[in-house]
Every structure is written in C-alpha cells, then in structure tokens.
Amino acid sequence: TQLLEQSPQFLSIQEGENLTVYCNSSSVFSSLQWYRQEPGEGPVLLVTVVTGGEVKKLKRLTFQFGDARKDSSLHITAAQPGDTGLYLCALGGGVTGGGADGLTFGKGTHLIIQP
Amino acid sequence: KAGVTQTPRYLIKTRGQQVTLSCSPISGHRSVSWYQQTPGQGLQFLFEYFSETQRNKGNFPGRFSGRQFSNSRSEMNVSTLELGDSALYLCASSLDGGGTEAFFGQGTRLTVV
C-alpha cells in the first residue's frame, strides 16, 4: 500500500493556465514537504507545511495543508515553461512503521508546461 | 556555500560486479541519506548515516551497504549487481537527519548491463 498518493500522475497544460496537484495519505502526518525535480537533477525543496489548514505561498505557487493533516495540495497560477518538472511530496521521519525513518516520497506528478 | 556533490554522475556496470558511489554533504551537515529512484517505484529510502553510524535503514537487501567518514562524506556500495539495480541514486544531506528538510545532490545514474 502506497503511503502517499499523488495525483494526477501526469499533467500537460498550456502556458498561462492554472493547475492543482494533490498529495493524500490515509494516515495523519506531522509535516509534509514538497519538492520539485528537473530532469537530470536531484529534488529541490520548495516548502514544508506543518500546521493543519496552513497555507504557504512561493511566488505563483500556493501550498495548502489539509485541516485533518492527511492531504496537501499545490496550486500553480499562470504556469510557465520553467515550472516543468516532477513534483514530489514527502513525509518526514518515523512514519513508515518499519523502522526506516528517512523521507517517504509519493511517486510524484510529472508536469509539462507547453509554451 | 557548496551544495551536495555526488560522484560519479554516470556509471555503467555489468551484472555481478560491485560499485561504490560517493557523496560529499553540505559543510556542517552531519546526516547523509541515500535514495534509489526508478520510474516504477519512485524515490525509495536506502539508509541514513549520522556521525559515522547507520541510524536508519530501508527495505533493501544486504547487497546495499554504506558508510560515513569522520568528515561526513559518505559512500554507498552495491555488490553483485543485478539488472534491477539500474537507477538514479540520490544522496541527501541535512543538519540532523531523521526526515528533516533535505538537500539533494544531482545523483549518480547507474546502468547495469
């Protein structure tokens, strides 16, 4: 069972459009991180959300943590080709139940912004 | 300050061989974690080293091992390579580890033929 479900898996839209991607879990989590990974590079941390209902903004990116702390969303306004990449959400340590306390990642949303 | 450096960037090995990958963390970071990324499974946690000790381990076979040196640099070793080990191996450094905010290197692309 995948601990973190991300949707959609793939998304291709035109420059200037808005979009939302989602990260959901069946369990409550204490904090969630969002990363963006570009081809040939490692993931880069965008934001960490901690408090239920929290909203954080990073230029045209808006991150929201669900009130029940079981889901999160990332909304991009007026998408640009530079936003293209793999968007990953990740849970912090101690949540896998198997003694492995590294970050647990969802499989990500592959986003393509066409000019 | 310098970011996380992984070497080599690309590697091609034959089945049955062994390989060693290297990671230099951000200066002052004591935790180094390793991840395997494949198209099918995504990013999966291998292990974490903190102050030269393996602190956490993911669900990978014993062929995957690692170590950390006193300067926090880390190496990862995979023995008896299998075709399924082909992946992007990513190293992440953080101040204290344990799933806190991580800074990733560019990765080593390993291809097993």
# chains A, B, ... in the order shown; residues from 1 in each chain; ligands from 1

call {"tool": "interface_residues", "arguments": {"of": "chain A", "to": "chain B", "cutoff": "12 Å", "atoms": "only C-alpha atoms", "output": "JSON, numbers by chain"}}
result
{"A": [2, 3, 4, 5, 6, 9, 30, 31, 32, 33, 34, 35, 36, 37, 38, 39, 40, 41, 42, 43, 44, 45, 46, 47, 48, 49, 50, 86, 87, 88, 89, 90, 91, 92, 93, 94, 95, 96, 97, 98, 99, 100, 101, 102, 103, 104, 105, 106, 107, 108, 109, 110]}

call {"tool": "residues_around", "arguments": {"residues": "A:Thr77", "least_positions_apart": "3", "cutoff": "12 Å", "atoms": "only C-alpha atoms", "output": "count of residues only"}}
result
20

call {"tool": "closest_residue", "arguments": {"among": "A:Thr51, A:Gln114, A:Ser25, A:Gln64", "to": "A:Ala79", "atoms": "only C-alpha atoms"}}
result
A:Gln114

call {"tool": "closest_residue", "arguments": {"among": "A:Cys23, A:Val55, A:Ala68, A:Leu11", "to": "A:Thr84", "atoms": "only C-alpha atoms"}}
result
A:Leu11

call {"tool": "closest_residue", "arguments": {"among": "A:Ser27, A:Gly53, A:Ser73, A:Ala78", "to": "A:Pro8", "atoms": "only C-alpha atoms"}}
result
A:Ser73

call {"tool": "residues_around", "arguments": {"residues": "B:Ile12", "least_positions_apart": "3", "cutoff": "6 Å", "atoms": "only C-alpha atoms", "output": "PyMOL selection string"}}
result
chain B and resi 110-112

call {"tool": "write_last_selection", "arguments": {"atoms": "all heavy atoms", "output": "PDB file, in the first residue's frame"}}
result
ATOM      1  N   LEU B 110      23.172   4.961 -12.498  1.00  0.00           N
ATOM      2  CA  LEU B 110      23.808   3.663 -12.634  1.00  0.00           C
ATOM      3  C   LEU B 110      23.030   2.810 -13.633  1.00  0.00           C
ATOM      4  O   LEU B 110      21.816   2.645 -13.495  1.00  0.00           O
ATOM      5  CB  LEU B 110      23.863   2.943 -11.280  1.00  0.00           C
ATOM      6  CG  LEU B 110      24.323   1.481 -11.297  1.00  0.00           C
ATOM      7  CD1 LEU B 110      25.780   1.378 -11.751  1.00  0.00           C
ATOM      8  CD2 LEU B 110      24.141   0.832  -9.929  1.00  0.00           C
ATOM      9  N   THR B 111      23.739   2.295 -14.597  1.00  0.00           N
ATOM     10  CA  THR B 111      23.137   1.376 -15.561  1.00  0.00           C
ATOM     11  C   THR B 111      23.858   0.038 -15.449  1.00  0.00           C
ATOM     12  O   THR B 111      25.095  -0.011 -15.555  1.00  0.00           O
ATOM     13  CB  THR B 111      23.258   1.899 -16.993  1.00  0.00           C
ATOM     14  OG1 THR B 111      22.611   3.183 -17.079  1.00  0.00           O
ATOM     15  CG2 THR B 111      22.601   0.948 -17.981  1.00  0.00           C
ATOM     16  N   VAL B 112      23.087  -1.018 -15.228  1.00  0.00           N
ATOM     17  CA  VAL B 112      23.650  -2.368 -15.137  1.00  0.00           C
ATOM     18  C   VAL B 112      23.258  -3.119 -16.409  1.00  0.00           C
ATOM     19  O   VAL B 112      22.070  -3.200 -16.760  1.00  0.00           O
ATOM     20  CB  VAL B 112      23.133  -3.111 -13.892  1.00  0.00           C
ATOM     21  CG1 VAL B 112      23.767  -4.490 -13.795  1.00  0.00           C
ATOM     22  CG2 VAL B 112      23.433  -2.300 -12.637  1.00  0.00           C
TER      23      VAL B 112
END

call {"tool": "residues_around", "arguments": {"residues": "B:Gln68", "least_positions_apart": "5", "cutoff": "9 Å", "atoms": "only C-alpha atoms", "output": "JSON, numbers by chain"}}
result
{"B": [32, 49, 50, 51, 52, 53, 54, 73, 74, 75, 76]}

call {"tool": "closest_residue", "arguments": {"among": "B:Thr14, B:Val78, B:Ala2, B:Phe60", "to": "B:Gly28", "atoms": "only C-alpha atoms"}}
result
B:Ala2

call {"tool": "select_by_dssp", "arguments": {"residues": "chain B", "states": "strand (DSSP E or B)", "output": "VMD selection string"}}
result
chain B and resid 5 to 7 10 to 13 19 to 24 31 to 38 42 to 50 53 to 57 64 to 68 74 to 78 87 to 94 103 to 104 108 to 112

call {"tool": "residues_around", "arguments": {"residues": "B:Thr80", "least_positions_apart": "3", "cutoff": "12 Å", "atoms": "only C-alpha atoms", "output": "list in words"}}
result
Lys13, Thr14, Arg15, Gly16, Gln17, Gln18, Val19, Thr20, Pro61, Gly62, Arg63, Phe64, Ser65, Asn77, Leu83, Gly84, Asp85 and Val112 of chain B

call {"tool": "write_last_selection", "arguments": {"atoms": "N, CA, C and O atoms", "output": "CSV table (one decimal), in the first residue's frame"}}
result
chain,number,residue,atom,x,y,z
B,13,LYS,N,27.8,-0.6,-15.4
B,13,LYS,CA,28.5,-1.8,-14.9
B,13,LYS,C,27.8,-3.1,-15.4
B,13,LYS,O,26.7,-3.0,-15.9
B,14,THR,N,28.5,-4.2,-15.3
B,14,THR,CA,28.0,-5.4,-15.7
B,14,THR,C,27.4,-6.2,-14.5
B,14,THR,O,27.9,-6.1,-13.4
B,15,ARG,N,26.4,-7.0,-14.8
B,15,ARG,CA,25.8,-7.9,-13.8
B,15,ARG,C,26.9,-8.6,-13.0
B,15,ARG,O,27.8,-9.2,-13.6
B,16,GLY,N,26.7,-8.7,-11.7
B,16,GLY,CA,27.7,-9.4,-10.9
B,16,GLY,C,28.8,-8.6,-10.4
B,16,GLY,O,29.4,-9.0,-9.4
B,17,GLN,N,29.0,-7.4,-11.0
B,17,GLN,CA,30.1,-6.6,-10.5
B,17,GLN,C,29.6,-5.8,-9.2
B,17,GLN,O,28.5,-5.9,-8.8
B,18,GLN,N,30.5,-5.1,-8.6
B,18,GLN,CA,30.1,-4.3,-7.5
B,18,GLN,C,30.5,-2.8,-7.8
B,18,GLN,O,31.3,-2.5,-8.7
B,19,VAL,N,29.8,-1.9,-7.1
B,19,VAL,CA,30.0,-0.5,-7.4
B,19,VAL,C,30.1,0.4,-6.1
B,19,VAL,O,29.4,0.0,-5.1
B,20,THR,N,30.8,1.4,-6.1
B,20,THR,CA,30.9,2.3,-5.0
B,20,THR,C,30.6,3.7,-5.5
B,20,THR,O,31.2,4.2,-6.4
B,61,PRO,N,17.9,-5.2,0.1
B,61,PRO,CA,18.8,-6.4,0.5
B,61,PRO,C,20.1,-6.0,1.0
B,61,PRO,O,20.6,-4.9,0.8
B,62,GLY,N,20.8,-6.9,1.7
B,62,GLY,CA,22.1,-6.7,2.2
B,62,GLY,C,23.2,-6.3,1.2
B,62,GLY,O,24.3,-5.9,1.6
B,63,ARG,N,22.9,-6.5,-0.1
B,63,ARG,CA,23.9,-6.2,-1.1
B,63,ARG,C,24.1,-4.6,-1.1
B,63,ARG,O,25.1,-4.2,-1.6
B,64,PHE,N,23.2,-3.9,-0.5
B,64,PHE,CA,23.3,-2.5,-0.5
B,64,PHE,C,23.9,-2.1,0.9
B,64,PHE,O,23.3,-2.5,1.9
B,65,SER,N,25.0,-1.4,0.9
B,65,SER,CA,25.6,-1.0,2.2
B,65,SER,C,26.2,0.3,2.0
B,65,SER,O,26.3,0.9,0.9
B,77,ASN,N,27.8,1.3,-1.4
B,77,ASN,CA,28.3,0.2,-2.1
B,77,ASN,C,27.2,-0.8,-2.5
B,77,ASN,O,26.3,-1.1,-1.7
B,83,LEU,N,20.3,-6.5,-12.9
B,83,LEU,CA,19.8,-5.5,-13.8
B,83,LEU,C,18.8,-4.5,-13.2
B,83,LEU,O,18.8,-3.4,-13.5
B,84,GLY,N,18.1,-5.0,-12.2
B,84,GLY,CA,17.1,-4.2,-11.5
B,84,GLY,C,17.7,-3.1,-10.6
B,84,GLY,O,17.0,-2.3,-10.1
B,85,ASP,N,19.0,-3.1,-10.5
B,85,ASP,CA,19.7,-2.1,-9.7
B,85,ASP,C,19.9,-0.8,-10.5
B,85,ASP,O,20.3,0.2,-10.0
B,112,VAL,N,23.1,-1.0,-15.2
B,112,VAL,CA,23.6,-2.4,-15.1
B,112,VAL,C,23.3,-3.1,-16.4
B,112,VAL,O,22.1,-3.2,-16.8

call {"tool": "atom_distance", "arguments": {"atom1": "atom CA of B:Leu95", "atom2": "atom CA of B:Cys23"}}
result
15.1 Å

call {"tool": "atom_distance", "arguments": {"atom1": "atom CA of B:Gln36", "atom2": "atom CA of A:His75"}}
result
27.7 Å
